[in-house]
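Structure file protein17.csv (CSV, C-alpha atoms and all ligand atoms) is printed below.
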```csv
chain,number,residue,atom,x,y,z
A,176,MET,CA,20.8,134.7,52.4
A,177,ALA,CA,23.8,132.4,52.2
A,178,THR,CA,27.1,133.5,50.7
A,179,LEU,CA,29.9,131.1,49.6
A,180,PHE,CA,33.4,132.4,50.0
A,181,THR,CA,35.6,130.5,47.7
A,182,GLY,CA,39.1,130.6,46.2
A,183,ILE,CA,40.6,130.7,49.8
A,184,GLY,CA,44.3,129.8,49.5
A,185,GLU,CA,44.6,129.2,53.3
A,186,LEU,CA,41.7,129.3,55.8
A,187,TRP,CA,42.5,129.6,59.5
A,188,THR,CA,39.3,128.6,61.4
A,189,PHE,CA,40.7,127.8,64.8
A,190,ASP,CA,38.1,125.1,64.9
A,191,PRO,CA,39.4,122.4,67.3
A,192,ALA,CA,38.4,119.9,64.7
A,193,HIS,CA,40.9,121.2,62.2
A,194,ASP,CA,44.6,120.9,62.7
A,195,GLY,CA,46.2,124.1,61.3
A,196,PRO,CA,44.9,125.9,58.2
A,197,LEU,CA,42.7,124.4,55.5
A,198,ARG,CA,44.1,124.8,51.9
A,199,ASP,CA,42.0,125.4,48.8
A,200,ALA,CA,39.1,126.0,51.2
A,201,ALA,CA,35.6,127.5,51.1
A,202,LEU,CA,33.3,128.9,53.8
A,203,VAL,CA,29.6,129.6,53.8
A,204,VAL,CA,28.1,132.5,55.7
A,205,ASP,CA,24.4,132.4,56.5
A,206,ASP,CA,22.5,135.1,58.3
A,207,GLY,CA,25.8,136.6,59.6
A,208,VAL,CA,27.3,133.5,61.1
A,209,VAL,CA,29.6,130.8,59.7
A,210,ALA,CA,27.5,128.0,58.4
A,211,TRP,CA,30.1,125.7,56.8
A,212,THR,CA,33.8,125.4,56.3
A,213,GLY,CA,35.8,122.8,54.4
A,214,PRO,CA,37.6,122.0,51.1
A,215,ALA,CA,36.4,124.0,48.1
A,216,SER,CA,35.7,120.7,46.3
A,217,GLY,CA,32.9,119.8,48.8
A,218,ALA,CA,31.3,123.3,49.2
A,219,PRO,CA,27.5,123.4,49.2
A,220,ASP,CA,25.5,125.7,47.0
A,221,ALA,CA,24.7,129.3,48.2
A,222,ASP,CA,22.7,132.3,47.0
A,223,GLU,CA,25.8,134.2,46.1
A,224,ARG,CA,29.5,133.7,45.7
A,225,VAL,CA,32.6,135.7,46.6
A,226,ASP,CA,35.8,134.5,45.1
A,227,VAL,CA,38.8,135.8,47.2
A,228,GLY,CA,41.3,134.9,44.5
A,229,GLY,CA,43.6,132.5,46.4
A,230,ARG,CA,44.1,134.8,49.3
A,231,ALA,CA,44.4,133.7,53.0
A,232,VAL,CA,41.4,134.2,55.3
A,233,LEU,CA,41.5,134.5,59.1
A,234,PRO,CA,39.0,135.4,61.8
A,235,GLY,CA,38.9,139.2,62.3
A,236,TRP,CA,41.3,140.4,65.0
A,237,VAL,CA,39.9,140.7,68.5
A,238,ASP,CA,41.6,143.6,70.0
A,239,SER,CA,41.0,143.2,73.8
A,240,HIS,CA,42.9,146.2,75.1
A,241,THR,CA,42.7,149.8,73.7
A,242,HIS,CA,42.3,153.3,75.2
A,243,LEU,CA,40.6,155.1,72.3
A,244,VAL,CA,38.5,157.8,74.0
A,245,PHE,CA,40.9,160.7,74.3
A,246,ASP,CA,42.0,164.0,72.8
A,247,GLY,CA,45.4,165.6,72.7
A,248,ASP,CA,48.8,164.9,71.3
A,249,ARG,CA,51.8,163.3,73.1
A,250,SER,CA,54.2,162.9,70.2
A,251,SER,CA,56.8,165.1,71.9
A,252,GLU,CA,56.8,162.8,74.9
A,253,PHE,CA,57.4,159.9,72.5
A,254,GLU,CA,60.2,161.8,70.8
A,255,ALA,CA,61.9,162.5,74.1
A,256,ARG,CA,61.6,158.8,75.0
A,257,MET,CA,63.3,157.9,71.7
A,258,ALA,CA,66.1,160.3,72.8
A,259,GLY,CA,66.5,158.4,76.1
A,260,GLU,CA,63.8,159.5,78.5
A,261,GLY,CA,61.9,156.7,80.4
A,262,TYR,CA,58.2,156.1,80.4
A,263,ALA,CA,56.3,157.0,83.6
A,264,ALA,CA,52.6,156.7,84.5
A,265,GLY,CA,52.3,160.5,84.9
A,266,GLY,CA,52.0,161.2,81.2
A,267,ILE,CA,48.4,160.1,81.5
A,268,ALA,CA,47.6,163.5,83.1
A,269,VAL,CA,48.5,165.3,79.9
A,270,THR,CA,45.9,163.4,78.0
A,271,THR,CA,43.4,163.8,80.8
A,272,GLY,CA,43.6,167.6,80.5
A,273,ALA,CA,43.0,167.6,76.8
A,274,THR,CA,40.2,165.0,77.0
A,275,ARG,CA,38.3,167.0,79.7
A,276,ALA,CA,38.5,170.1,77.5
A,277,ALA,CA,37.0,168.3,74.4
A,278,SER,CA,33.3,168.5,73.5
A,279,ASP,CA,31.2,165.3,73.3
A,280,GLU,CA,31.0,165.6,69.5
A,281,ARG,CA,34.8,165.9,69.2
A,282,LEU,CA,35.4,162.8,71.5
A,283,ARG,CA,32.8,160.8,69.5
A,284,SER,CA,34.3,161.7,66.1
A,285,LEU,CA,37.8,161.0,67.3
A,286,LEU,CA,36.7,157.6,68.6
A,287,GLU,CA,34.8,156.9,65.3
A,288,ALA,CA,37.9,157.7,63.3
A,289,ARG,CA,40.1,155.5,65.5
A,290,LEU,CA,37.7,152.6,65.2
A,291,ALA,CA,37.5,153.0,61.5
A,292,GLU,CA,41.3,152.8,61.3
A,293,ALA,CA,41.2,149.6,63.4
A,294,TYR,CA,38.6,148.0,61.1
A,295,ARG,CA,40.6,148.9,58.0
A,296,GLY,CA,43.4,146.8,59.6
A,297,GLY,CA,41.3,143.7,60.0
A,298,THR,CA,40.0,144.2,63.6
A,299,THR,CA,36.4,143.2,64.0
A,300,THR,CA,36.0,143.3,67.8
A,301,VAL,CA,37.3,146.1,70.0
A,302,GLU,CA,37.4,146.6,73.7
A,303,THR,CA,38.1,150.2,74.8
A,304,LYS,CA,38.5,151.9,78.2
A,305,THR,CA,37.7,155.1,80.0
A,306,GLY,CA,40.6,156.5,82.1
A,307,TYR,CA,41.3,159.9,80.6
A,308,GLY,CA,38.5,161.7,82.4
A,309,LEU,CA,39.2,160.9,86.1
A,310,THR,CA,36.2,162.9,87.4
A,311,VAL,CA,32.7,161.5,87.8
A,312,ASP,CA,31.3,163.5,84.9
A,313,ASP,CA,34.3,163.0,82.6
A,314,GLU,CA,34.4,159.2,83.2
A,315,VAL,CA,30.7,158.8,82.6
A,316,ARG,CA,31.0,160.8,79.4
A,317,SER,CA,33.8,158.6,78.1
A,318,ALA,CA,32.0,155.5,79.1
A,319,ARG,CA,28.8,156.6,77.4
A,320,ILE,CA,30.5,157.5,74.2
A,321,ALA,CA,32.5,154.3,74.1
A,322,ALA,CA,29.4,152.3,74.7
A,323,GLU,CA,27.7,153.8,71.6
A,324,LEU,CA,30.5,152.6,69.4
A,325,ALA,CA,32.7,149.8,70.8
A,326,ASP,CA,32.0,146.2,71.5
A,327,GLU,CA,33.3,146.0,75.0
A,328,VAL,CA,33.7,148.9,77.4
A,329,THR,CA,35.9,149.0,80.5
A,330,PHE,CA,35.9,151.4,83.4
A,331,LEU,CA,39.4,152.6,84.2
A,332,GLY,CA,38.8,155.4,86.7
A,333,ALA,CA,41.8,153.9,88.5
A,334,HIS,CA,44.2,154.9,85.8
A,335,LEU,CA,46.1,157.6,87.7
A,336,VAL,CA,45.6,159.5,90.9
A,337,PRO,CA,44.6,163.0,89.6
A,338,GLU,CA,46.6,166.0,90.8
A,339,GLY,CA,45.6,167.3,94.2
A,340,TRP,CA,44.0,164.1,95.4
A,341,ASP,CA,45.0,161.7,98.1
A,342,ALA,CA,45.3,158.3,96.6
A,343,ASP,CA,43.1,156.5,99.1
A,344,GLU,CA,40.4,159.2,98.9
A,345,TYR,CA,40.5,159.0,95.1
A,346,VAL,CA,40.0,155.2,95.3
A,347,ASP,CA,37.0,155.9,97.6
A,348,LEU,CA,35.5,158.1,94.8
A,349,VAL,CA,36.3,155.5,92.1
A,350,ILE,CA,34.6,152.7,93.9
A,351,GLY,CA,31.8,154.9,95.2
A,352,ASP,CA,30.0,157.6,93.2
A,353,MET,CA,32.1,157.1,90.0
A,354,LEU,CA,31.4,153.4,89.7
A,355,GLU,CA,27.7,153.9,90.4
A,356,ALA,CA,27.5,156.6,87.7
A,357,VAL,CA,29.5,154.7,85.1
A,358,ARG,CA,28.0,151.2,85.8
A,359,PRO,CA,25.2,151.4,83.2
A,360,HIS,CA,27.7,151.9,80.3
A,361,VAL,CA,30.4,149.3,81.1
A,362,GLY,CA,31.0,145.6,81.4
A,363,TRP,CA,34.5,145.6,82.9
A,364,MET,CA,36.5,147.1,85.7
A,365,ASP,CA,40.2,147.7,85.3
A,366,VAL,CA,43.0,149.2,87.4
A,367,PHE,CA,46.6,150.3,86.7
A,368,CYS,CA,48.5,148.4,89.4
A,369,GLU,CA,52.0,150.0,89.1
A,370,GLU,CA,54.4,152.3,90.9
A,371,GLY,CA,53.2,155.8,90.2
A,372,ALA,CA,49.6,154.6,89.8
A,373,PHE,CA,47.9,152.3,92.4
A,374,THR,CA,49.3,149.9,95.0
A,375,VAL,CA,48.2,146.3,95.3
A,376,GLU,CA,46.0,147.1,98.3
A,377,GLN,CA,44.3,150.0,96.4
A,378,SER,CA,44.0,147.9,93.3
A,379,ARG,CA,42.4,145.1,95.3
A,380,ARG,CA,39.7,147.5,96.6
A,381,VAL,CA,39.0,148.7,93.1
A,382,LEU,CA,38.6,145.1,91.8
A,383,ASP,CA,36.6,144.0,94.7
A,384,ALA,CA,34.1,146.9,94.2
A,385,GLY,CA,33.9,146.0,90.4
A,386,ARG,CA,33.2,142.4,91.2
A,387,ARG,CA,30.4,143.4,93.7
A,388,ALA,CA,28.9,145.7,91.0
A,389,GLY,CA,28.8,142.7,88.7
A,390,LEU,CA,31.6,143.7,86.4
A,391,GLY,CA,34.2,141.4,84.9
A,392,LEU,CA,37.8,142.2,86.0
A,393,ARG,CA,40.9,143.2,84.1
A,394,VAL,CA,44.2,144.4,85.4
A,395,HIS,CA,47.1,146.5,84.0
A,396,GLY,CA,49.9,144.5,85.7
A,397,ASN,CA,53.7,144.3,85.8
A,398,GLN,CA,54.3,146.7,83.0
A,399,LEU,CA,57.1,148.7,84.5
A,400,GLY,CA,58.3,146.4,87.3
A,401,HIS,CA,57.3,143.6,89.6
A,402,SER,CA,54.2,145.5,90.7
A,403,GLY,CA,52.2,142.5,92.2
A,404,GLY,CA,49.5,143.1,89.6
A,405,VAL,CA,49.8,139.7,88.1
A,406,ALA,CA,49.4,137.9,91.4
A,407,LEU,CA,46.5,140.1,92.3
A,408,ALA,CA,44.8,139.5,89.0
A,409,VAL,CA,45.0,135.7,89.5
A,410,GLU,CA,43.9,136.0,93.1
A,411,MET,CA,40.8,138.0,92.1
A,412,GLY,CA,40.0,135.7,89.1
A,413,ALA,CA,40.4,138.5,86.6
A,414,ALA,CA,39.6,137.6,83.0
A,415,SER,CA,42.9,139.1,81.9
A,416,VAL,CA,46.1,140.7,83.1
A,417,ASP,CA,47.7,143.0,80.5
A,418,HIS,CA,51.3,144.0,79.9
A,419,VAL,CA,53.0,141.2,81.9
A,420,ASN,CA,56.5,142.4,81.1
A,421,PHE,CA,58.1,141.7,84.4
A,422,LEU,CA,57.3,138.2,85.6
A,423,SER,CA,58.7,136.0,88.4
A,424,ALA,CA,58.8,132.2,88.0
A,425,ASP,CA,55.8,132.2,90.5
A,426,ASP,CA,53.9,134.7,88.3
A,427,VAL,CA,54.3,132.4,85.3
A,428,GLU,CA,53.3,129.4,87.2
A,429,ALA,CA,50.2,131.2,88.7
A,430,LEU,CA,49.1,132.4,85.3
A,431,ALA,CA,49.6,128.9,83.7
A,432,ALA,CA,47.4,127.4,86.5
A,433,SER,CA,44.7,130.0,86.2
A,434,ASP,CA,41.9,131.1,83.8
A,435,THR,CA,43.4,134.6,83.7
A,436,VAL,CA,44.6,135.4,80.2
A,437,SER,CA,48.1,136.9,79.8
A,438,THR,CA,47.7,139.8,77.3
A,439,ILE,CA,50.8,140.9,75.6
A,440,LEU,CA,51.1,144.3,74.0
A,441,PRO,CA,54.0,144.1,71.5
A,442,ALA,CA,53.6,147.7,70.1
A,443,CYS,CA,53.6,149.1,73.6
A,444,ASP,CA,56.8,147.3,74.5
A,445,LEU,CA,58.5,148.8,71.4
A,446,SER,CA,57.1,152.3,72.0
A,447,THR,CA,58.2,152.3,75.7
A,448,ARG,CA,61.4,150.4,75.1
A,449,VAL,CA,60.5,148.1,78.0
A,450,GLN,CA,61.7,144.5,77.7
A,451,PHE,CA,59.2,142.4,75.7
A,452,ALA,CA,56.7,140.4,77.7
A,453,PRO,CA,58.1,136.8,78.0
A,454,ALA,CA,55.3,135.4,75.8
A,455,ARG,CA,57.4,132.3,74.8
A,456,GLN,CA,57.9,131.4,78.4
A,457,LEU,CA,54.1,131.9,79.2
A,458,LEU,CA,53.1,129.7,76.3
A,459,ASP,CA,55.6,127.0,77.2
A,460,ALA,CA,54.3,127.0,80.7
A,461,GLY,CA,50.7,126.5,79.5
A,462,ALA,CA,49.3,130.0,80.0
A,463,THR,CA,46.7,131.4,77.6
A,464,VAL,CA,48.1,134.4,75.7
A,465,ALA,CA,46.3,137.2,74.0
A,466,ILE,CA,47.8,139.8,71.7
A,467,ALA,CA,46.3,143.3,71.8
A,468,SER,CA,47.3,146.7,70.3
A,469,ASN,CA,46.9,148.8,73.5
A,470,CYS,CA,46.2,151.7,71.1
A,471,ASN,CA,46.6,154.9,73.3
A,472,PRO,CA,48.4,158.2,72.9
A,473,GLY,CA,51.1,157.5,75.6
A,474,THR,CA,52.6,154.1,75.1
A,475,SER,CA,51.3,152.6,71.9
A,476,TYR,CA,49.7,154.9,69.3
A,477,THR,CA,48.8,152.2,66.8
A,478,SER,CA,45.7,149.9,66.4
A,479,SER,CA,47.5,147.7,63.8
A,480,MET,CA,47.0,144.2,64.9
A,481,ASN,CA,48.9,143.1,61.8
A,482,PHE,CA,51.9,144.9,63.2
A,483,CYS,CA,51.5,143.4,66.6
A,484,VAL,CA,51.1,139.8,65.3
A,485,GLY,CA,54.2,140.3,63.0
A,486,THR,CA,56.2,141.6,66.0
A,487,ALA,CA,55.2,138.7,68.2
A,488,VAL,CA,56.5,136.3,65.6
A,489,LEU,CA,59.7,138.3,64.7
A,490,GLN,CA,60.7,139.5,68.2
A,491,GLN,CA,58.9,137.3,70.7
A,492,TYR,CA,59.4,133.9,69.1
A,493,LEU,CA,55.8,132.9,68.8
A,494,THR,CA,55.1,130.6,65.9
A,495,LEU,CA,52.7,132.1,63.3
A,496,GLU,CA,49.9,129.8,64.5
A,497,GLU,CA,50.5,130.9,68.2
A,498,ALA,CA,50.4,134.6,67.2
A,499,LEU,CA,47.3,134.3,65.1
A,500,ARG,CA,45.5,132.3,67.8
A,501,ALA,CA,46.6,134.9,70.5
A,502,ALA,CA,45.2,137.8,68.4
A,503,THR,CA,41.9,136.1,67.7
A,504,VAL,CA,40.8,133.2,70.0
A,505,GLY,CA,43.1,134.6,72.8
A,506,GLY,CA,41.5,138.1,72.6
A,507,ALA,CA,38.1,136.6,72.7
A,508,ARG,CA,39.0,134.5,75.7
A,509,ALA,CA,40.3,137.7,77.4
A,510,LEU,CA,36.9,139.2,76.8
A,511,ARG,CA,35.1,136.0,77.7
A,512,ARG,CA,33.5,136.0,74.3
A,513,GLY,CA,32.6,132.7,72.7
A,514,ASP,CA,31.0,134.1,69.5
A,515,VAL,CA,34.0,135.8,68.0
A,516,GLY,CA,37.7,135.0,67.4
A,517,SER,CA,37.2,131.8,65.4
A,518,LEU,CA,35.5,130.7,62.2
A,519,THR,CA,33.9,127.6,63.7
A,520,VAL,CA,30.3,126.9,62.6
A,521,GLY,CA,28.0,129.2,64.5
A,522,SER,CA,30.5,131.9,65.1
A,523,ARG,CA,29.9,135.5,63.9
A,524,ALA,CA,31.2,135.6,60.4
A,525,ASP,CA,34.1,138.0,61.0
A,526,LEU,CA,36.5,137.5,58.1
A,527,HIS,CA,39.9,139.1,57.5
A,528,VAL,CA,41.0,138.5,53.9
A,529,LEU,CA,44.7,139.1,53.5
A,530,ASP,CA,46.3,140.4,50.3
A,531,ALA,CA,48.6,137.4,50.5
A,532,PRO,CA,48.3,133.6,49.8
A,533,ALA,CA,49.4,132.7,53.4
A,534,ALA,CA,49.2,134.4,56.8
A,535,ILE,CA,53.0,134.1,57.3
A,536,HIS,CA,53.2,137.2,55.1
A,537,LEU,CA,52.2,139.2,58.2
A,538,ALA,CA,55.7,138.6,59.5
A,539,TYR,CA,57.5,138.0,56.2
A,540,ARG,CA,56.4,141.4,54.8
A,541,PRO,CA,56.2,143.5,57.9
A,542,GLY,CA,54.6,146.9,57.5
A,543,MET,CA,53.0,146.1,54.1
A,544,PRO,CA,49.3,146.9,53.6
A,545,LEU,CA,48.2,143.2,53.8
A,546,THR,CA,44.5,143.7,54.7
A,547,HIS,CA,42.5,143.2,51.5
A,548,ALA,CA,38.9,143.0,52.9
A,549,VAL,CA,37.1,142.8,56.2
A,550,PHE,CA,33.7,141.3,56.9
A,551,ARG,CA,31.9,141.6,60.2
A,552,GLY,CA,28.8,139.4,60.7
A,553,GLY,CA,29.2,138.6,57.0
A,554,ARG,CA,28.9,142.2,56.0
A,555,SER,CA,31.7,144.1,54.3
A,556,LEU,CA,33.2,146.9,56.3
A,557,ASP,CA,34.2,148.8,53.2
A,558,THR,CA,31.6,151.4,54.2
A,559,PRO,CA,31.5,152.9,57.7
A,560,ARG,CA,29.1,151.0,60.0
A,561,GLU,CA,26.7,152.8,62.3
A,562,SER,CA,27.7,150.9,65.3
A,563,ALA,CA,30.2,148.2,66.3
A,564,GLY,CA,28.0,147.2,69.2
B,601,LIG,O1,48.2,150.6,78.9
B,601,LIG,N1,49.5,151.6,81.5
B,601,LIG,C1,48.6,152.4,81.6
B,601,LIG,N2,47.8,152.9,80.6
B,601,LIG,C2,48.3,152.9,79.3
B,601,LIG,C3,49.1,154.1,79.0
B,601,LIG,C4,48.4,155.3,79.2
B,601,LIG,C5,49.2,156.6,78.9
B,601,LIG,O2,50.4,156.7,79.1
B,601,LIG,O3,48.4,157.5,78.4
B,601,LIG,C6,48.9,151.6,78.8
B,601,LIG,O4,50.1,151.6,78.5
```
Since I need it in another form, could you write the structure as structure tokens?
Amino acid sequence: MATLFTGIGELWTFDPAHDGPLRDAALVVDDGVVAWTGPASGAPDADERVDVGGRAVLPGWVDSHTHLVFDGDRSSEFEARMAGEGYAAGGIAVTTGATRAASDERLRSLLEARLAEAYRGGTTTVETKTGYGLTVDDEVRSARIAAELADEVTFLGAHLVPEGWDADEYVDLVIGDMLEAVRPHVGWMDVFCEEGAFTVEQSRRVLDAGRRAGLGLRVHGNQLGHSGGVALAVEMGAASVDHVNFLSADDVEALAASDTVSTILPACDLSTRVQFAPARQLLDAGATVAIASNCNPGTSYTSSMNFCVGTAVLQQYLTLEEALRAATVGGARALRRGDVGSLTVGSRADLHVLDAPAAIHLAYRPGMPLTHAVFRGGRSLDTPRESAG
């Protein structure tokens, strides 16, 4: 069954064959994948037609960094921060307590609701992490529930050293029994390499064990200071290092010379009042940049990629095209996915139809409800889907 999407005012395919967006464009979806893109005047016939009324169409957002499996509220911590308190890794323990106390059903329904919110905002691929369980049973449970619903699942047992544990002994648990139990449910291994969380040496042990278990690697690095996480991520060949707020000239150079994607988290930078990641500098140096929401209860309680993209343009001096690319192709690159993030022929037909004639409205009209319709694999996400997997 082929569907012709027509009446597209501006079509961002990120097909290397097209320079910038196509105007007055059309796109054909066949069997859930993009079968044709080009000027509306040359569109082939199809079984059915959807006229989007002159609106802009982009690939669905690829949100490559979220922490959606949790219970509990940390709004008072946020409020205190807005009154001048700093952010520290220790807040994770509050969420860990509430998450351990929640039933499976409650964690699943919270995750479902958070994913539905993300889809309504134009996201069509979501990575999410464990990291609020921090015992073998609680981490396995988070991983299992995440794997039922999310596209990509990351094991973040090394999120915080739980109270009462010696850090090195806890790392032994993470890379031993915990990793073995979680392994069937996850594709990625992550570590929070930061003062108050894990040292570079401990992080290296975590990543090394992940690699030996056949997992892809990701790192939370240089969020709160010059933690050494970026250099470690590059050294270990991680797919992505996320946060990247505090970078030396050597870090920038190393990222630019590597395949490690630099994932910026604009909403987190705002919510923690940490200096923005130097995204302009990274792009100018030649690094690959991704934008993600980092939706979590401590540092970034939003899954709005529209907001993150608008912020990257308004505050981090990315051009519109750079920001769109980072939140689509860049996110896909950070997840090592070639099937999503662009609307090239053969890609999964994940379409984000904006309620605007041009994508620059994301920054020009910040905060406005600009997502008009979302299709994943050619299917409308108006109704809840059974599984994002
Ligand atoms: O990516 N930095 C570590 N983890 C999360 C925050 C987790 C929390 O504070 O609950 C982040 O910002």
- Task: Return as a PyMOL selection string every polymer residue, whether protein, DNA or RNA, with at least one atom no more than 8 Å from an atom of ligand LIG 601 (chain B); count all atoms listed in the file.
- Result: chain A and resi 240-242+262-270+307+334+367+395+398+417-418+443+469+471-475
- Query: range 552-558 of chain A: which residues within 12 Å, counting only C-alpha atoms, same-chain residues fewer than 2 positions away excluded, as a PyMOL selection string?
  - Reply: chain A and resi 176-180+202-210+225+234-235+290-300+514-516+518+521-528+546-550+560-564
- Between CA of Ile350 in chain A and CA of Asp365 in chain A, measure the distance and give it in Å to one decimal. 11.4 Å
- Message: Which residues are close to Val416 in chain A, i.e. within 7 Å by all atoms listed in the file, leaving aside same-chain residues fewer than 5 positions away? Reply as number ranges by chain.
- Response: A: 393-396, 405, 408, 435-438
- Message: When you count all atoms listed in the file, which of these residues is closest to Cys483 in chain A: A:Gly351, A:Gly461, A:Glu252, A:Asp238?
- Response: A:Asp238
- Among listed residues A:Arg387, A:Trp363, A:Ser378, A:Trp211, nearest Leu407 in chain A (using all atoms listed in the file): A:Ser378
- Go ahead and compute the interatomic distance for CA of Ala356 in chain A and CA of Gly371 in chain A, in Å to one decimal. 25.8 Å
- Selected residue of minimal separation from Ala531 in chain A among A:Asn420, A:Gly339, A:Glu223, A:Gly228, counting all atoms listed in the file: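 Of the candidates, the smallest distance to Ala531 in chain A is held by A:Gly228.
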- Find the residues around range 310-318 of chain A up to 9 Å (only C-alpha atoms counted), leave out those fewer than 3 positions away in its own chain, and share them as number ranges by chain. A: 244-245, 274-275, 279, 282-283, 304-307, 321-323, 328-332, 337, 348-349, 352-354, 356-361
- Point-to-point distance from CA of Gly389 in chain A to CA of Arg512 in chain A, Å rounded to tenths: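 Separation of CA of Gly389 in chain A and CA of Arg512 in chain A: 16.6 Å.
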- For Pro196 in chain A, work out the shell of residues within 12 Å, counting all atoms listed in the file and skipping chain neighbours fewer than 6 positions away, then give it as a list in words.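 Near Pro196 in chain A, the qualifying residues are Ile183, Gly184, Glu185, Leu186, Trp187, Thr188, Phe189, Asp190, Thr212, Gly213, Pro214, Ala231, Val232, Leu233, Pro234, Leu495, Glu496, Leu499, Arg500, Leu518, Pro532, Ala533, Ala534 and Ile535 of chain A.
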- Task: Find the residue from A:Leu430, A:Val375, A:Met543, A:Val301 that sits nearest to Glu327 in chain A; use all atoms listed in the file when measuring.
- Result: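 That would be A:Val301, the residue with the smallest distance to Glu327 in chain A.
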- Query: Nearest to Gly404 in chain A: which of A:Val419, A:Ala218, A:Val427, A:Ala467 is it, counting only C-alpha atoms?
  - Reply: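 Answer, going by the shortest atom-to-atom distance: A:Val419.
If you measure from each of A:Leu399, A:Leu324, A:Ala388, A:Met411 to Arg289 in chain A using only C-alpha atoms, the closest one turns out to be A:Leu324.
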- For Val464 in chain A, please output as a list in words all residues within 9 Å (counting all atoms listed in the file; exclusion window: fewer than 6 positions along the same chain). Val436, Ser437, Thr438, Ile439, Ala454, Leu457, Leu458, Glu497, Ala498, Arg500, Ala501, Ala502, Gly505, Gly506 and Ala509 of chain A
